[in-house]
There are 2 protein chains.
Amino acid sequence: MKTATSENKGLARKLADSGLRMTTQREHVYNTLLEQTDHPSADDVYLRAKADMPEISMATVYNTLDALVKCGLIKQVNVERSATRYCSNLKEHCHFFCEECGNIHDVNFKKDKGALPLRIPKHLIPTQVDISIRGHCSNPVNCPNRAEN
Amino acid sequence: MKTATSENKGLARKLADSGLRMTTQREHVYNTLLEQTDHPSADDVYLRAKADMPEISMATVYNTLDALVKCGLIKQVNVERSATRYCSNLKEHCHFFCEECGNIHDVNFKKDKGALPLRIPKHLIPTQVDISIRGHCSNPVNCPNRAEN
DNA sequence: CTAGGTGCAAAAGGTTTGCGGTTAA
DNA sequence: TTAACCGCAAACCTTTTGCACCTAG
């Protein structure tokens with residue numbers, strides 16, 4: 001529970017750079033995250049932060065996590081917020097998710113997945129590798145907004 | 001609405017191979033999926049299947065989608081069913097998700113992401129590429145079950 | 001001073017589950 | 001015949017939202 005303000009000058013500045021305020025809750029959640037390298041869920045962070053700051057709320061944790069993502073101090077590991085999508089294309093391919101219209105496009109590999117430049121430790125036995133690309137599709141039809149859902 | 005049983009012999013056999021039954025609902029959902037290549041969500045599938053089979057339920061659609069995934073006829077695009085996880089490692093890396101214990105391990109790249117063997121069409125403008133690996137971690141400590149969450 | 005943040009509690013998706021009735025094999 | 005499956009509705013889990021109060025700058 002390092003409350004050393006010197007260490008968190010960076011946090012305050014980063015927040016300010018994104019037009020966000022420094023608060024005691026944000027400082028505390030950020031410190032909690034720095035002490036944990038096990039990719040916690042929002043609920044994990046909430047429980048851990050709550051231990052030292054019992055009155056903190058879930059909404060504040062979500063707010064803070066969003067703020068930290070926004071100013072680049074943390075990243076989300078699985079960024080898909082919406083419903084699971086299904087795919088009947090069984091050929092090896094990956095997916096391009098358009099952040100403007102929400103459509104998903106299939107993208108093919110040039111070679112096989114063996115060519116991926118990954119340094120996988122020997123004690124990790126992979127069974128599946130997924131590549132997902134985010135961006136926008138600048139179609140001539142210009143990325144029509146999805147009906148909804 | 002192709003109810004041609006000849007085309008769906010494969011479906012019945014694939015289901016049977018996984019110890020699952022062929023039902024009219026599953027055939028209908030599968031045909032619906034084959035007619036749609038836009039990576040529908042479960043709700044999309046439900047609405048479309050409902051058009052020709054008004055009494056079908058959401059639970060059945062989920063059941064069927066699980067069955068089709070189980071026998072390898074479709075795939076899930078974003079497979080993360082649980083909560084979003086957060087990461088404070090800002091170096092370029094990807095994630096290994098252990099399906100046994102639920103832990104996430106960081107995996108480093110050998111080179112930069114430019115080396116990925118992808119054939120991205122020119123009208124798709126990527127802003128972010130994520131690689132996620134699933135498998136199991138055969139640690140000496142032997143993949144301890146997570147507390148929960 | 002005031003825009004932005006906080007806590008609480010309720011609502012909103014997406015998915016799962018329990019149950020009585022139905023059906024494929 | 002019967003284990004598996006169906007439809008329905010309620011429950012569940014994660015995340016978002018509305019609102020009155022509070023606070024950083």
# chains A, B, ... in the order shown; residues from 1 in each chain; ligands from 1

call {"tool": "residues_around", "arguments": {"residues": "region 12-24 of chain D", "least_positions_apart": "4", "cutoff": "8 Å", "atoms": "only C-alpha atoms (C1' of nucleotides)", "output": "short mmCIF file (atom, residue, chain, number, x, y, z; two decimals) with N, CA and C atoms (P, O5', C5', C4', C3', O3' and C1' of nucleotides), in the first residue's frame"}}
result
data_model
loop_
_atom_site.label_atom_id
_atom_site.label_comp_id
_atom_site.auth_asym_id
_atom_site.auth_seq_id
_atom_site.Cartn_x
_atom_site.Cartn_y
_atom_site.Cartn_z
N ARG A 21 -9.22 13.41 -13.70
CA ARG A 21 -8.72 13.87 -12.41
C ARG A 21 -8.04 12.77 -11.62
N MET A 22 -7.10 13.19 -10.80
CA MET A 22 -6.51 12.29 -9.82
C MET A 22 -7.39 12.27 -8.60
N THR A 23 -7.73 11.06 -8.13
CA THR A 23 -8.48 10.95 -6.87
C THR A 23 -7.81 9.89 -6.01
N ALA B 83 -15.35 -12.69 -17.00
CA ALA B 83 -15.14 -11.25 -16.88
C ALA B 83 -13.90 -10.79 -17.64
P DG C 5 -13.85 12.47 -14.10
"O5'" DG C 5 -14.23 12.17 -12.58
"C5'" DG C 5 -13.34 12.61 -11.57
"C4'" DG C 5 -13.78 12.06 -10.24
"C3'" DG C 5 -14.07 10.56 -10.23
"O3'" DG C 5 -13.52 10.01 -9.04
"C1'" DG C 5 -15.98 11.76 -9.52
P DT C 6 -13.69 8.50 -8.66
"O5'" DT C 6 -14.83 8.51 -7.56
"C5'" DT C 6 -14.61 9.18 -6.32
"C4'" DT C 6 -15.80 8.94 -5.41
"C3'" DT C 6 -16.22 7.48 -5.33
"O3'" DT C 6 -16.12 7.01 -3.99
"C1'" DT C 6 -18.09 8.89 -5.79
P DA C 11 -35.12 -1.28 -11.20
"O5'" DA C 11 -34.19 -1.27 -12.49
"C5'" DA C 11 -33.83 -0.01 -13.05
"C4'" DA C 11 -32.96 -0.24 -14.26
"C3'" DA C 11 -33.49 -1.28 -15.24
"O3'" DA C 11 -33.30 -0.77 -16.55
"C1'" DA C 11 -31.31 -1.87 -14.56
P DA C 12 -33.94 -1.52 -17.80
"O5'" DA C 12 -32.67 -1.81 -18.70
"C5'" DA C 12 -31.50 -1.02 -18.51
"C4'" DA C 12 -30.33 -1.74 -19.12
"C3'" DA C 12 -30.71 -2.75 -20.20
"O3'" DA C 12 -29.79 -2.60 -21.25
"C1'" DA C 12 -29.45 -3.81 -18.55
P DT C 16 -23.48 -19.97 -21.19
"O5'" DT C 16 -24.40 -20.21 -19.90
"C5'" DT C 16 -23.98 -19.66 -18.67
"C4'" DT C 16 -24.91 -20.14 -17.56
"C3'" DT C 16 -25.18 -21.64 -17.55
"O3'" DT C 16 -25.04 -22.04 -16.20
"C1'" DT C 16 -27.23 -20.45 -17.57
#

call {"tool": "interface_residues", "arguments": {"of": "chain D", "to": "chain B", "cutoff": "9 Å", "atoms": "only C-alpha atoms (C1' of nucleotides)", "output": "VMD selection string"}}
result
chain D and resid 4 to 8 13 to 14

call {"tool": "atom_distance", "arguments": {"atom1": "CA of Leu15 (chain A)", "atom2": "CA of Ser132 (chain A)"}}
result
28.5 Å

call {"tool": "interface_residues", "arguments": {"of": "chain C", "to": "chain B", "cutoff": "10 Å", "atoms": "only C-alpha atoms (C1' of nucleotides)", "output": "ChimeraX atom specification"}}
result
/C:14-17,23-25

call {"tool": "write_last_selection", "arguments": {"atoms": "N, CA, C and O atoms (P, O5', C5', C4', C3', O3' and C1' of nucleotides)", "output": "short mmCIF file (atom, residue, chain, number, x, y, z; two decimals), in the first residue's frame"}}
result
data_model
loop_
_atom_site.label_atom_id
_atom_site.label_comp_id
_atom_site.auth_asym_id
_atom_site.auth_seq_id
_atom_site.Cartn_x
_atom_site.Cartn_y
_atom_site.Cartn_z
P DG C 14 -26.68 -8.25 -25.73
"O5'" DG C 14 -26.11 -9.52 -24.96
"C5'" DG C 14 -24.79 -9.48 -24.47
"C4'" DG C 14 -24.51 -10.72 -23.68
"C3'" DG C 14 -24.87 -12.03 -24.39
"O3'" DG C 14 -23.73 -12.88 -24.33
"C1'" DG C 14 -25.81 -11.98 -22.22
P DT C 15 -23.82 -14.33 -25.00
"O5'" DT C 15 -24.17 -15.26 -23.75
"C5'" DT C 15 -23.30 -15.22 -22.62
"C4'" DT C 15 -23.84 -16.10 -21.53
"C3'" DT C 15 -24.16 -17.53 -21.94
"O3'" DT C 15 -23.32 -18.38 -21.18
"C1'" DT C 15 -25.90 -16.59 -20.61
P DT C 16 -23.48 -19.97 -21.19
"O5'" DT C 16 -24.40 -20.21 -19.90
"C5'" DT C 16 -23.98 -19.66 -18.67
"C4'" DT C 16 -24.91 -20.14 -17.56
"C3'" DT C 16 -25.18 -21.64 -17.55
"O3'" DT C 16 -25.04 -22.04 -16.20
"C1'" DT C 16 -27.23 -20.45 -17.57
P DT C 17 -25.16 -23.60 -15.80
"O5'" DT C 17 -26.56 -23.66 -15.04
"C5'" DT C 17 -26.99 -22.54 -14.27
"C4'" DT C 17 -28.37 -22.82 -13.69
"C3'" DT C 17 -28.73 -24.30 -13.58
"O3'" DT C 17 -29.45 -24.48 -12.36
"C1'" DT C 17 -30.32 -23.22 -14.92
P DT C 23 -43.25 -34.00 -29.08
"O5'" DT C 23 -41.85 -34.72 -29.27
"C5'" DT C 23 -40.67 -33.93 -29.34
"C4'" DT C 23 -39.47 -34.85 -29.52
"C3'" DT C 23 -39.67 -35.99 -30.52
"O3'" DT C 23 -38.42 -36.19 -31.16
"C1'" DT C 23 -39.04 -36.88 -28.48
P DA C 24 -38.32 -36.49 -32.72
"O5'" DA C 24 -36.85 -37.06 -32.84
"C5'" DA C 24 -35.76 -36.30 -32.31
"C4'" DA C 24 -34.66 -37.22 -31.84
"C3'" DA C 24 -34.21 -38.29 -32.83
"O3'" DA C 24 -32.82 -38.47 -32.65
"C1'" DA C 24 -35.14 -39.35 -30.92
P DA C 25 -32.01 -39.39 -33.64
"O5'" DA C 25 -31.91 -40.75 -32.84
"C5'" DA C 25 -31.13 -40.79 -31.64
"C4'" DA C 25 -31.22 -42.19 -31.06
"C3'" DA C 25 -31.02 -43.31 -32.09
"O3'" DA C 25 -30.24 -44.33 -31.51
"C1'" DA C 25 -33.04 -43.62 -30.97
#

call {"tool": "interface_residues", "arguments": {"of": "chain B", "to": "chain A", "cutoff": "7 Å", "atoms": "only C-alpha atoms", "output": "ChimeraX atom specification"}}
result
/B:33-34,38-42,73-80,83-88,90,104,107-111,116-120,123-139

call {"tool": "write_last_selection", "arguments": {"atoms": "C-alpha atoms", "output": "mmCIF file, in the first residue's frame"}}
result
data_model
loop_
_atom_site.group_PDB
_atom_site.id
_atom_site.type_symbol
_atom_site.label_atom_id
_atom_site.label_comp_id
_atom_site.auth_asym_id
_atom_site.auth_seq_id
_atom_site.Cartn_x
_atom_site.Cartn_y
_atom_site.Cartn_z
ATOM 1 C CA LEU B 33 -26.090 -20.525 -39.626
ATOM 2 C CA LEU B 34 -25.038 -21.844 -43.020
ATOM 3 C CA ASP B 38 -21.787 -12.439 -40.944
ATOM 4 C CA HIS B 39 -20.703 -13.924 -37.609
ATOM 5 C CA PRO B 40 -24.091 -13.652 -35.909
ATOM 6 C CA SER B 41 -24.524 -13.462 -32.157
ATOM 7 C CA ALA B 42 -26.682 -15.975 -30.323
ATOM 8 C CA LEU B 73 -19.251 -27.572 -37.085
ATOM 9 C CA ILE B 74 -18.941 -23.984 -35.963
ATOM 10 C CA LYS B 75 -16.556 -21.913 -33.888
ATOM 11 C CA GLN B 76 -16.976 -19.176 -31.360
ATOM 12 C CA VAL B 77 -15.325 -15.925 -32.350
ATOM 13 C CA ASN B 78 -14.818 -14.425 -28.911
ATOM 14 C CA VAL B 79 -14.515 -17.305 -26.574
ATOM 15 C CA GLU B 80 -13.990 -15.417 -23.346
ATOM 16 C CA ALA B 83 -15.139 -11.249 -16.882
ATOM 17 C CA THR B 84 -12.777 -8.887 -18.650
ATOM 18 C CA ARG B 85 -9.257 -9.123 -17.246
ATOM 19 C CA TYR B 86 -6.750 -6.305 -16.913
ATOM 20 C CA CYS B 87 -3.017 -6.154 -17.513
ATOM 21 C CA SER B 88 -0.421 -3.628 -16.367
ATOM 22 C CA LEU B 90 2.732 -2.451 -21.205
ATOM 23 C CA ILE B 104 -3.242 -16.033 -17.762
ATOM 24 C CA VAL B 107 4.058 -14.614 -23.750
ATOM 25 C CA ASN B 108 6.629 -12.465 -25.528
ATOM 26 C CA PHE B 109 7.122 -11.971 -29.245
ATOM 27 C CA LYS B 110 10.363 -12.823 -30.975
ATOM 28 C CA LYS B 111 10.119 -9.918 -33.364
ATOM 29 C CA LEU B 116 2.653 -11.815 -38.776
ATOM 30 C CA PRO B 117 1.747 -13.880 -41.849
ATOM 31 C CA LEU B 118 -1.618 -12.218 -42.456
ATOM 32 C CA ARG B 119 -3.247 -11.372 -45.738
ATOM 33 C CA ILE B 120 -5.158 -8.262 -44.709
ATOM 34 C CA HIS B 123 -9.673 -1.723 -47.294
ATOM 35 C CA LEU B 124 -9.235 -3.011 -43.744
ATOM 36 C CA ILE B 125 -7.175 -0.589 -41.659
ATOM 37 C CA PRO B 126 -5.862 -2.326 -38.532
ATOM 38 C CA THR B 127 -5.157 -0.367 -35.365
ATOM 39 C CA GLN B 128 -4.468 -3.282 -33.020
ATOM 40 C CA VAL B 129 -3.582 -6.962 -33.349
ATOM 41 C CA ASP B 130 -4.192 -9.323 -30.452
ATOM 42 C CA ILE B 131 -2.902 -12.861 -30.203
ATOM 43 C CA SER B 132 -4.337 -15.130 -27.569
ATOM 44 C CA ILE B 133 -3.254 -18.672 -26.936
ATOM 45 C CA ARG B 134 -5.290 -21.330 -25.169
ATOM 46 C CA GLY B 135 -3.921 -24.529 -23.721
ATOM 47 C CA HIS B 136 -2.664 -25.757 -20.412
ATOM 48 C CA CYS B 137 0.302 -24.871 -18.249
ATOM 49 C CA SER B 138 2.120 -27.976 -17.070
ATOM 50 C CA ASN B 139 4.039 -26.320 -14.306
#

call {"tool": "select_by_dssp", "arguments": {"residues": "region 8-136 of chain B", "states": "alpha helix (DSSP H)", "output": "PyMOL selection string"}}
result
chain B and resi 8-17+24-34+42-52+58-70

call {"tool": "write_last_selection", "arguments": {"atoms": "N, CA and C atoms", "output": "compact mmCIF listing (two decimals), in the first residue's frame"}}
result
# COMPACT_ATOMS: atom_id res chain seq x y z
N ASN B 8 -28.11 -32.93 -44.65
CA ASN B 8 -27.87 -32.88 -43.22
C ASN B 8 -27.51 -34.23 -42.60
N LYS B 9 -27.31 -35.21 -43.45
CA LYS B 9 -26.78 -36.48 -42.94
C LYS B 9 -25.49 -36.23 -42.18
N GLY B 10 -24.67 -35.35 -42.76
CA GLY B 10 -23.42 -35.01 -42.10
C GLY B 10 -23.62 -34.44 -40.72
N LEU B 11 -24.63 -33.59 -40.59
CA LEU B 11 -24.92 -33.00 -39.29
C LEU B 11 -25.29 -34.08 -38.28
N ALA B 12 -26.22 -34.96 -38.68
CA ALA B 12 -26.66 -36.04 -37.77
C ALA B 12 -25.47 -36.89 -37.34
N ARG B 13 -24.59 -37.19 -38.29
CA ARG B 13 -23.46 -38.05 -37.96
C ARG B 13 -22.49 -37.34 -37.03
N LYS B 14 -22.21 -36.07 -37.36
CA LYS B 14 -21.29 -35.30 -36.51
C LYS B 14 -21.82 -35.19 -35.09
N LEU B 15 -23.12 -34.95 -34.97
CA LEU B 15 -23.72 -34.87 -33.64
C LEU B 15 -23.56 -36.21 -32.92
N ALA B 16 -23.90 -37.28 -33.66
CA ALA B 16 -23.81 -38.62 -33.05
C ALA B 16 -22.39 -38.92 -32.61
N ASP B 17 -21.42 -38.51 -33.42
CA ASP B 17 -20.02 -38.74 -33.07
C ASP B 17 -19.67 -38.12 -31.71
N THR B 24 -35.05 -31.50 -34.88
CA THR B 24 -35.46 -30.54 -35.91
C THR B 24 -34.94 -29.15 -35.58
N GLN B 25 -34.90 -28.82 -34.29
CA GLN B 25 -34.39 -27.49 -33.91
C GLN B 25 -32.93 -27.34 -34.29
N ARG B 26 -32.14 -28.38 -34.03
CA ARG B 26 -30.71 -28.29 -34.33
C ARG B 26 -30.47 -28.21 -35.82
N GLU B 27 -31.25 -28.98 -36.57
CA GLU B 27 -31.12 -28.90 -38.03
C GLU B 27 -31.46 -27.50 -38.51
N HIS B 28 -32.53 -26.95 -37.95
CA HIS B 28 -32.96 -25.63 -38.39
C HIS B 28 -31.93 -24.56 -38.04
N VAL B 29 -31.41 -24.60 -36.82
CA VAL B 29 -30.40 -23.62 -36.41
C VAL B 29 -29.15 -23.76 -37.28
N TYR B 30 -28.77 -24.99 -37.55
CA TYR B 30 -27.58 -25.20 -38.38
C TYR B 30 -27.78 -24.62 -39.78
N ASN B 31 -28.95 -24.88 -40.38
CA ASN B 31 -29.23 -24.32 -41.69
C ASN B 31 -29.23 -22.80 -41.66
N THR B 32 -29.80 -22.25 -40.60
CA THR B 32 -29.79 -20.80 -40.44
C THR B 32 -28.37 -20.26 -40.44
N LEU B 33 -27.49 -20.95 -39.70
CA LEU B 33 -26.09 -20.53 -39.63
C LEU B 33 -25.40 -20.62 -40.97
N LEU B 34 -25.70 -21.68 -41.72
CA LEU B 34 -25.04 -21.84 -43.02
C LEU B 34 -25.44 -20.75 -43.98
N ALA B 42 -25.64 -15.01 -30.67
CA ALA B 42 -26.68 -15.97 -30.32
C ALA B 42 -28.06 -15.36 -30.53
N ASP B 43 -28.19 -14.09 -30.20
CA ASP B 43 -29.47 -13.43 -30.36
C ASP B 43 -29.83 -13.27 -31.83
N ASP B 44 -28.83 -12.96 -32.67
CA ASP B 44 -29.07 -12.92 -34.12
C ASP B 44 -29.63 -14.25 -34.60
N VAL B 45 -28.95 -15.32 -34.19
CA VAL B 45 -29.37 -16.66 -34.62
C VAL B 45 -30.78 -16.94 -34.14
N TYR B 46 -31.05 -16.56 -32.91
CA TYR B 46 -32.38 -16.77 -32.33
C TYR B 46 -33.46 -16.08 -33.17
N LEU B 47 -33.22 -14.81 -33.48
CA LEU B 47 -34.22 -14.05 -34.23
C LEU B 47 -34.45 -14.64 -35.61
N ARG B 48 -33.36 -15.05 -36.25
CA ARG B 48 -33.47 -15.59 -37.60
C ARG B 48 -34.14 -16.96 -37.59
N ALA B 49 -33.75 -17.79 -36.63
CA ALA B 49 -34.35 -19.12 -36.55
C ALA B 49 -35.83 -19.01 -36.20
N LYS B 50 -36.15 -18.06 -35.35
CA LYS B 50 -37.52 -17.84 -34.90
C LYS B 50 -38.44 -17.49 -36.06
N ALA B 51 -37.87 -16.84 -37.09
CA ALA B 51 -38.69 -16.43 -38.23
C ALA B 51 -39.38 -17.62 -38.88
N ASP B 52 -38.67 -18.73 -38.99
CA ASP B 52 -39.23 -19.93 -39.61
C ASP B 52 -39.71 -20.96 -38.60
N MET B 58 -34.70 -19.33 -26.77
CA MET B 58 -33.32 -18.88 -26.63
C MET B 58 -32.46 -19.98 -26.03
N ALA B 59 -33.00 -20.65 -25.02
CA ALA B 59 -32.24 -21.73 -24.37
C ALA B 59 -31.87 -22.80 -25.39
N THR B 60 -32.78 -23.12 -26.29
CA THR B 60 -32.50 -24.12 -27.30
C THR B 60 -31.43 -23.64 -28.28
N VAL B 61 -31.49 -22.36 -28.60
CA VAL B 61 -30.46 -21.81 -29.49
C VAL B 61 -29.09 -21.93 -28.83
N TYR B 62 -28.98 -21.55 -27.58
CA TYR B 62 -27.71 -21.68 -26.87
C TYR B 62 -27.28 -23.14 -26.80
N ASN B 63 -28.21 -24.00 -26.47
CA ASN B 63 -27.93 -25.43 -26.42
C ASN B 63 -27.40 -25.93 -27.76
N THR B 64 -28.06 -25.51 -28.82
CA THR B 64 -27.66 -25.96 -30.16
C THR B 64 -26.31 -25.39 -30.56
N LEU B 65 -26.08 -24.12 -30.27
CA LEU B 65 -24.79 -23.53 -30.61
C LEU B 65 -23.68 -24.25 -29.86
N ASP B 66 -23.90 -24.55 -28.60
CA ASP B 66 -22.91 -25.33 -27.84
C ASP B 66 -22.68 -26.68 -28.48
N ALA B 67 -23.78 -27.33 -28.90
CA ALA B 67 -23.66 -28.65 -29.54
C ALA B 67 -22.86 -28.56 -30.83
N LEU B 68 -23.12 -27.54 -31.63
CA LEU B 68 -22.41 -27.40 -32.90
C LEU B 68 -20.94 -27.09 -32.68
N VAL B 69 -20.65 -26.30 -31.66
CA VAL B 69 -19.25 -26.04 -31.32
C VAL B 69 -18.59 -27.35 -30.87
N LYS B 70 -19.32 -28.11 -30.05
CA LYS B 70 -18.77 -29.33 -29.49
C LYS B 70 -18.42 -30.34 -30.57

call {"tool": "atom_distance", "arguments": {"atom1": "C1' of DA3 (chain D)", "atom2": "C1' of DT22 (chain C)"}}
result
12.2 Å

call {"tool": "atom_distance", "arguments": {"atom1": "C1' of DA3 (chain C)", "atom2": "CA of Pro54 (chain A)"}}
result
26.3 Å

call {"tool": "residues_around", "arguments": {"residues": "DG18 (chain C)", "least_positions_apart": "6", "cutoff": "10 Å", "atoms": "only C-alpha atoms (C1' of nucleotides)", "output": "list in words"}}
result
DA9, DA10 and DA11 of chain D

call {"tool": "write_last_selection", "arguments": {"atoms": "N, CA and C atoms (P, O5', C5', C4', C3', O3' and C1' of nucleotides)", "output": "PDB file, in the first residue's frame"}}
result
ATOM      1  P    DA D   9     -43.128 -17.763 -20.026  1.00  0.00           P
ATOM      2  O5'  DA D   9     -42.472 -17.706 -18.587  1.00  0.00           O
ATOM      3  C5'  DA D   9     -42.549 -18.840 -17.721  1.00  0.00           C
ATOM      4  C4'  DA D   9     -41.499 -18.685 -16.638  1.00  0.00           C
ATOM      5  C3'  DA D   9     -41.182 -17.232 -16.302  1.00  0.00           C
ATOM      6  O3'  DA D   9     -41.022 -17.118 -14.900  1.00  0.00           O
ATOM      7  C1'  DA D   9     -39.204 -18.335 -16.899  1.00  0.00           C
ATOM      8  P    DA D  10     -40.862 -15.695 -14.203  1.00  0.00           P
ATOM      9  O5'  DA D  10     -39.995 -16.066 -12.924  1.00  0.00           O
ATOM     10  C5'  DA D  10     -39.831 -17.428 -12.544  1.00  0.00           C
ATOM     11  C4'  DA D  10     -38.383 -17.681 -12.137  1.00  0.00           C
ATOM     12  C3'  DA D  10     -37.722 -16.487 -11.441  1.00  0.00           C
ATOM     13  O3'  DA D  10     -37.047 -16.962 -10.278  1.00  0.00           O
ATOM     14  C1'  DA D  10     -36.396 -17.180 -13.262  1.00  0.00           C
ATOM     15  P    DA D  11     -36.145 -16.010  -9.400  1.00  0.00           P
ATOM     16  O5'  DA D  11     -34.659 -16.421  -9.808  1.00  0.00           O
ATOM     17  C5'  DA D  11     -34.290 -17.795  -9.761  1.00  0.00           C
ATOM     18  C4'  DA D  11     -32.837 -17.934 -10.177  1.00  0.00           C
ATOM     19  C3'  DA D  11     -31.889 -16.974  -9.461  1.00  0.00           C
ATOM     20  O3'  DA D  11     -30.736 -17.713  -9.093  1.00  0.00           O
ATOM     21  C1'  DA D  11     -31.672 -16.732 -11.810  1.00  0.00           C
TER      22       DA D  11
END

call {"tool": "select_by_dssp", "arguments": {"residues": "chain A", "states": "strand (DSSP E)", "output": "ChimeraX atom specification"}}
result
/A:75-76,86-87,93-98,104-109,118-119,124-137

call {"tool": "decode", "arguments": {"residues": "region 15-26 of chain A", "atoms": "N, CA and C atoms", "output": "short mmCIF file (atom, residue, chain, number, x, y, z; two decimals), in the first residue's frame"}}
result
data_model
loop_
_atom_site.label_atom_id
_atom_site.label_comp_id
_atom_site.auth_asym_id
_atom_site.auth_seq_id
_atom_site.Cartn_x
_atom_site.Cartn_y
_atom_site.Cartn_z
N LEU A 15 -3.25 10.96 -16.10
CA LEU A 15 -4.69 11.21 -16.03
C LEU A 15 -5.01 12.59 -16.60
N ALA A 16 -4.24 13.57 -16.14
CA ALA A 16 -4.48 14.95 -16.61
C ALA A 16 -4.35 15.05 -18.12
N ASP A 17 -3.36 14.33 -18.66
CA ASP A 17 -3.16 14.34 -20.11
C ASP A 17 -4.41 13.89 -20.86
N SER A 18 -5.19 13.03 -20.19
CA SER A 18 -6.41 12.54 -20.84
C SER A 18 -7.64 13.29 -20.34
N GLY A 19 -7.43 14.40 -19.65
CA GLY A 19 -8.54 15.20 -19.16
C GLY A 19 -9.25 14.57 -17.97
N LEU A 20 -8.50 13.75 -17.23
CA LEU A 20 -9.12 13.05 -16.10
C LEU A 20 -8.47 13.51 -14.80
N ARG A 21 -9.22 13.41 -13.70
CA ARG A 21 -8.72 13.87 -12.41
C ARG A 21 -8.04 12.77 -11.62
N MET A 22 -7.10 13.19 -10.80
CA MET A 22 -6.51 12.29 -9.82
C MET A 22 -7.39 12.27 -8.60
N THR A 23 -7.73 11.06 -8.13
CA THR A 23 -8.48 10.95 -6.87
C THR A 23 -7.81 9.89 -6.01
N THR A 24 -8.15 9.90 -4.74
CA THR A 24 -7.54 8.90 -3.85
C THR A 24 -7.95 7.50 -4.28
N GLN A 25 -9.19 7.33 -4.76
CA GLN A 25 -9.63 6.02 -5.20
C GLN A 25 -8.81 5.54 -6.40
N ARG A 26 -8.58 6.44 -7.34
CA ARG A 26 -7.82 6.04 -8.54
C ARG A 26 -6.39 5.68 -8.18
#
